[in-house]
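Contents: one structure, followed by commentary.
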Amino acid sequence: MQRRCPICKKLVDSATNTEFPFCSERCRLLDLGNWAAEKYVVSEPIFNEDDDEVGDTPNSDDTKH
Ligand SMILES: [Zn+2]
């Protein structure tokens, strides 16, 4: 099976390349970097919402009387 590397568009063969679908480790890391950078931007507002969910734990005080 052959696919084009998403980074440099070179043809990559899944049978011979361990970094498939990337042509090399460099391109794999580059893609990971792109993804991480996007994820960081997207998750920033979500982080602020997380602060409001602190009281989400079950009430264990119910067991003692
Ligand atoms: Zn590549």
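All residue names refer to the structure tokens as shown: chains lettered A, B, ... in order, residues numbered from 1 in each chain, ligands numbered from 1 in order.
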_Distance filter 7 Å around ligand 1, atoms: only C-alpha atoms and all ligand atoms, out as a list in words_ = Cys5, Pro6, Ile7, Cys8, Lys9, Lys10, Phe22, Cys23, Ser24 and Cys27 of chain A
Just to be explicit: take each residue in the selection above, keep N, CA and C atoms, and write the result as a PDB file, in the first residue's frame.
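out16.pdb was written with the following content:
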```
ATOM      1  N   CYS A   5       3.213  11.076   1.810  1.00  0.00           N
ATOM      2  CA  CYS A   5       3.540  11.661   3.106  1.00  0.00           C
ATOM      3  C   CYS A   5       2.747  12.956   3.274  1.00  0.00           C
ATOM      4  N   PRO A   6       1.995  13.107   4.386  1.00  0.00           N
ATOM      5  CA  PRO A   6       1.184  14.315   4.574  1.00  0.00           C
ATOM      6  C   PRO A   6       2.018  15.579   4.705  1.00  0.00           C
ATOM      7  N   ILE A   7       3.296  15.426   4.994  1.00  0.00           N
ATOM      8  CA  ILE A   7       4.149  16.602   5.187  1.00  0.00           C
ATOM      9  C   ILE A   7       4.816  17.028   3.880  1.00  0.00           C
ATOM     10  N   CYS A   8       5.537  16.108   3.212  1.00  0.00           N
ATOM     11  CA  CYS A   8       6.297  16.516   2.032  1.00  0.00           C
ATOM     12  C   CYS A   8       5.744  15.908   0.744  1.00  0.00           C
ATOM     13  N   LYS A   9       4.633  15.144   0.833  1.00  0.00           N
ATOM     14  CA  LYS A   9       3.922  14.604  -0.333  1.00  0.00           C
ATOM     15  C   LYS A   9       4.747  13.560  -1.117  1.00  0.00           C
ATOM     16  N   LYS A  10       5.766  13.007  -0.496  1.00  0.00           N
ATOM     17  CA  LYS A  10       6.538  11.954  -1.135  1.00  0.00           C
ATOM     18  C   LYS A  10       5.785  10.642  -0.995  1.00  0.00           C
ATOM     19  N   PHE A  22       4.137   8.387   7.080  1.00  0.00           N
ATOM     20  CA  PHE A  22       5.139   9.427   6.852  1.00  0.00           C
ATOM     21  C   PHE A  22       6.360   8.808   6.191  1.00  0.00           C
ATOM     22  N   CYS A  23       7.134   9.609   5.461  1.00  0.00           N
ATOM     23  CA  CYS A  23       8.287   9.093   4.745  1.00  0.00           C
ATOM     24  C   CYS A  23       9.471   8.940   5.675  1.00  0.00           C
ATOM     25  N   SER A  24       9.476   9.654   6.781  1.00  0.00           N
ATOM     26  CA  SER A  24      10.629   9.622   7.678  1.00  0.00           C
ATOM     27  C   SER A  24      10.196  10.050   9.078  1.00  0.00           C
ATOM     28  N   CYS A  27       9.406  13.776   9.286  1.00  0.00           N
ATOM     29  CA  CYS A  27       8.071  14.218   8.877  1.00  0.00           C
ATOM     30  C   CYS A  27       7.026  13.819   9.918  1.00  0.00           C
TER      31      CYS A  27
END
```
*Pick the closest to A:Met1 from A:Glu19, A:Asp31, A:Asp13, A:Glu25: which is it, counting only C-alpha atoms?*
A:Asp13
*atom CA of A:Ala36 to atom CA of A:Arg3, straight-line distance in Å*: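 Value for the atom CA of A:Arg3-atom CA of A:Ala36 distance: 22.7 Å.
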*For A:Gln2, which of A:Phe20, A:Asn34, A:Asp61, A:Arg28 is the closest residue, counting only C-alpha atoms?*
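Result for the nearest residue to A:Gln2: A:Phe20.
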